[in-house]
Amino acid sequence: MSLLVQAQQISRAYGKILAVNQVSFNLEKGQVLGFLGENGAGKTTTMQMLCGILAPSSGQIQINGFDLLTQPKAAKRHLGYLPEQAPLYKELTVHEFLSYCAKLHQLPVPQQAQAVRNAEEKCNLTTVAHRLIGVLSKGYQQRVGIAQAILHKPAVIILDEPTVGLDPIQINEIRTLIKQLSGEHGVILSTHILSEVQEICSHVQIMQHGQLIFADTIAGLTQQANTTLLDLTTHSAIDVGKLLAVAGVNKIDTLTEKHYQIHYQAPHNPIEAVTQLVIQTGWGLEQITPVKRSIEDIFIALSKTPPAP
Amino acid sequence: MKMIFTIASREFKTLFLSPLAWTILGIIQFIFAYLFFSQVDAFIAFQAKLAGIDSAPGLTDVIVVPLYANAAIILLLVTPLLTMRLISEERRNQSLVLLLAAPLSNYQIIFGKYLGVLSFLVVIVAFITLMPLSLLLGGELDMGKFFCNILALFCLVAVFAAVGLYMSCLASHPTIAAIASFGLLLLLWILNANASLKDKSSELFDYISLLKHFQTLQNGLINTADLSYFALLVGSFLLLSIYRLEHERLQK
């Protein structure tokens, strides 16, 4: 596994506002890294820094072994970037535009035509290749944007909300395309749609107030989702220590004096044991309900956590 | 260098994809033709009288010099319209990212854009030049002076384009870029307006003014000082543009 992106402690301030604060992460070949976060969490700023459009206030970024600040040209050769709004020249045809991009990325002249053809095929643009970009639908324009980003076969592809504004069929097509791309490249994408992350990403990072608050594999995130909850209400206060001793129980949150939340690891459901214990000790069982957490819940729970000082 | 030409040729072709460039070419060619025609008309009217005077102004002085002087003023109005979109519109359409994320230096982007729009202005100058050339069919031109006029107009549009490009880097809206570059160019043009008042004229303003250097060249005097003045202006505004683009990366 080769390290494609290495971001170390990157920060970015706009005046006094710290948009991105000490973010570090890596990307390896074959990974699809999903960036999640609320609006204004610093996702786009981070991506712009990775592409060399914004200079970080501090920190270091290496793309495929080249430092983005000291060797920007060499580093950018390994980058393909699709910003939130695709950078298109609407007065050009798809083919003209992609040929221009091939020149901008300094592909050797004999390979340019082939590269443009490949990108057009991959993004299903062959039928509209000779139409003006300005008259194409949003979905097609977005595909031209993606074609522009993958044209020069960069090691790292960065897509900022690639599926925004597309219809469900187009979203599916683009997801399939991203999955295909992840074979040969490393992909970073940002999105608001959590199911999208579950479906196409191998790794997830959640940003909040410019900080990275969660970084794990999809498996890790799913495990979090499997750590489920029991909601317990009793007549009288219980002895938390005794309840913690039950097999499978990880943690107990005391919501009020008679209302508790019991966290447990997925396969060992302690609901029976807990019910028995509560009845035996005479705390007076009023209600016990299993609470299933979705990825959305985890995201919201993580987002609610105040940023570390 | 190759990348500069890639960007320049794209910019040049894009100009011709918009109706703006064609409209400008058509309309100003019509105006120049009218100006040229009236100069020729005036020359024919005075020809008999001129023949009687010793060392009278010739064909070049009566037709070519006023034509290029008028062209300078018209291009002062027109160039801001051509340069306004260079960076400003790309920033608005968010397509500037394409250039910023590509493996290019800022100077390549700026030089490319500059060369692209300058080539278009050269086309305009070439079209103007065709008209006096037609006089060769029936008359004789002072070729040295004719060349100086072409050079003077070229130097001038080179400055116009550089100023326009810088303003386009600064402004968030193309119209603002156009107005700002027009204002600055006009100021540079009329800066020595008070030079005619003898005791009030300022040598500094006289030196900064575009008009003075342009007129010296027009009169057939190729002076290193004038040429370096134009080169200095072009260089400074291009450098400022590069810095401005760099600033985009550093702060927003």
# chains A, B, ... in the order shown; residues from 1 in each chain; ligands from 1
$ interface_residues --of "chain A" --to "chain B" --cutoff "7 Å" --atoms "only C-alpha atoms" --output "MDAnalysis selection string"
chainID A and resid 14 51:55 73 76:77 85 87:88 91 104:105
$ residues_around --residues "range 155-162 of chain A" --least-positions-apart "2" --cutoff "6 Å" --atoms "only C-alpha atoms" --output "ChimeraX atom specification"
/A:78-84,164,185-191
$ write_last_selection --atoms "N, CA and C atoms" --output "CSV table (one decimal), in the first residue's frame"
chain,number,residue,atom,x,y,z
A,78,HIS,N,-0.4,14.9,-9.8
A,78,HIS,CA,-1.1,13.7,-9.3
A,78,HIS,C,-2.4,13.9,-8.7
A,79,LEU,N,-3.0,15.1,-9.0
A,79,LEU,CA,-4.3,15.5,-8.4
A,79,LEU,C,-5.3,15.7,-9.5
A,80,GLY,N,-6.5,15.2,-9.2
A,80,GLY,CA,-7.7,15.6,-10.0
A,80,GLY,C,-8.7,16.1,-9.0
A,81,TYR,N,-9.3,17.3,-9.3
A,81,TYR,CA,-10.1,18.0,-8.4
A,81,TYR,C,-11.5,18.4,-9.0
A,82,LEU,N,-12.5,18.0,-8.4
A,82,LEU,CA,-13.8,18.5,-8.8
A,82,LEU,C,-14.4,19.3,-7.7
A,83,PRO,N,-14.5,20.6,-7.8
A,83,PRO,CA,-15.0,21.5,-6.7
A,83,PRO,C,-16.6,21.3,-6.7
A,84,GLU,N,-17.2,22.0,-5.7
A,84,GLU,CA,-18.6,21.9,-5.5
A,84,GLU,C,-19.3,22.3,-6.8
A,164,VAL,N,-24.4,16.1,-5.6
A,164,VAL,CA,-25.4,17.1,-5.3
A,164,VAL,C,-26.1,17.5,-6.6
A,185,HIS,N,-7.0,4.4,-8.1
A,185,HIS,CA,-6.7,5.7,-7.5
A,185,HIS,C,-7.1,5.7,-6.0
A,186,GLY,N,-6.7,6.8,-5.4
A,186,GLY,CA,-7.2,7.1,-4.1
A,186,GLY,C,-8.3,8.2,-4.2
A,187,VAL,N,-9.4,8.0,-3.6
A,187,VAL,CA,-10.5,9.0,-3.8
A,187,VAL,C,-10.8,9.6,-2.4
A,188,ILE,N,-11.0,10.9,-2.4
A,188,ILE,CA,-11.5,11.6,-1.3
A,188,ILE,C,-12.8,12.3,-1.7
A,189,LEU,N,-13.9,12.1,-1.0
A,189,LEU,CA,-15.1,12.8,-1.4
A,189,LEU,C,-15.8,13.4,-0.2
A,190,SER,N,-16.5,14.5,-0.4
A,190,SER,CA,-17.3,15.0,0.7
A,190,SER,C,-18.7,14.9,0.4
A,191,THR,N,-19.5,14.7,1.4
A,191,THR,CA,-21.0,14.6,1.1
A,191,THR,C,-21.8,14.9,2.4
$ select_by_dssp --residues "range 40-171 of chain A" --states "alpha helix (DSSP H)" --output "PyMOL selection string"
chain A and resi 43-50+72-76+94-104+109-122+138-150+168-171
$ residues_around --residues "range 223-238 of chain B" --least-positions-apart "3" --cutoff "8 Å" --atoms "only C-alpha atoms" --output "ChimeraX atom specification"
/B:110-111,155-156,158-159,162-163,165-166,213-214,216-217,241-242
$ closest_residue --among "A:Lys258, A:Asp67, A:Ile146, A:Leu212" --to "Leu285 in chain A" --atoms "only C-alpha atoms"
A:Lys258
$ atom_distance --atom1 "CA of Val197 in chain A" --atom2 "CA of Gln22 in chain A"
23.5 Å
$ residues_around --residues "Leu184 in chain B" --least-positions-apart "6" --cutoff "10 Å" --atoms "only C-alpha atoms" --output "short mmCIF file (atom, residue, chain, number, x, y, z; two decimals) with C-alpha atoms, in the first residue's frame"
data_model
loop_
_atom_site.label_atom_id
_atom_site.label_comp_id
_atom_site.auth_asym_id
_atom_site.auth_seq_id
_atom_site.Cartn_x
_atom_site.Cartn_y
_atom_site.Cartn_z
CA PHE B 160 -4.16 49.04 -21.84
CA VAL B 163 -3.97 47.54 -16.76
CA GLY B 164 -7.21 45.83 -17.73
CA MET B 167 -8.21 45.32 -12.70
#
$ residues_around --residues "range 235-237 of chain A" --least-positions-apart "3" --cutoff "6 Å" --atoms "only C-alpha atoms" --output "PDB file with N, CA, C and O atoms, in the first residue's frame"
ATOM      1  N   GLU A 257     -33.141  10.392  37.689  1.00  0.00           N
ATOM      2  CA  GLU A 257     -32.922   9.439  38.780  1.00  0.00           C
ATOM      3  C   GLU A 257     -33.493   8.055  38.469  1.00  0.00           C
ATOM      4  O   GLU A 257     -32.987   7.047  38.939  1.00  0.00           O
ATOM      5  N   LYS A 258     -34.552   8.053  37.663  1.00  0.00           N
ATOM      6  CA  LYS A 258     -35.188   6.765  37.382  1.00  0.00           C
ATOM      7  C   LYS A 258     -35.170   6.390  35.912  1.00  0.00           C
ATOM      8  O   LYS A 258     -35.878   5.495  35.480  1.00  0.00           O
ATOM      9  N   TRP A 283     -36.298  -2.993  42.123  1.00  0.00           N
ATOM     10  CA  TRP A 283     -36.236  -1.559  41.776  1.00  0.00           C
ATOM     11  C   TRP A 283     -37.537  -1.102  41.118  1.00  0.00           C
ATOM     12  O   TRP A 283     -37.762   0.079  40.922  1.00  0.00           O
ATOM     13  N   GLY A 284     -38.307  -2.105  40.716  1.00  0.00           N
ATOM     14  CA  GLY A 284     -39.586  -1.768  40.090  1.00  0.00           C
ATOM     15  C   GLY A 284     -39.460  -1.429  38.630  1.00  0.00           C
ATOM     16  O   GLY A 284     -39.256  -0.260  38.291  1.00  0.00           O
TER      17      GLY A 284
END
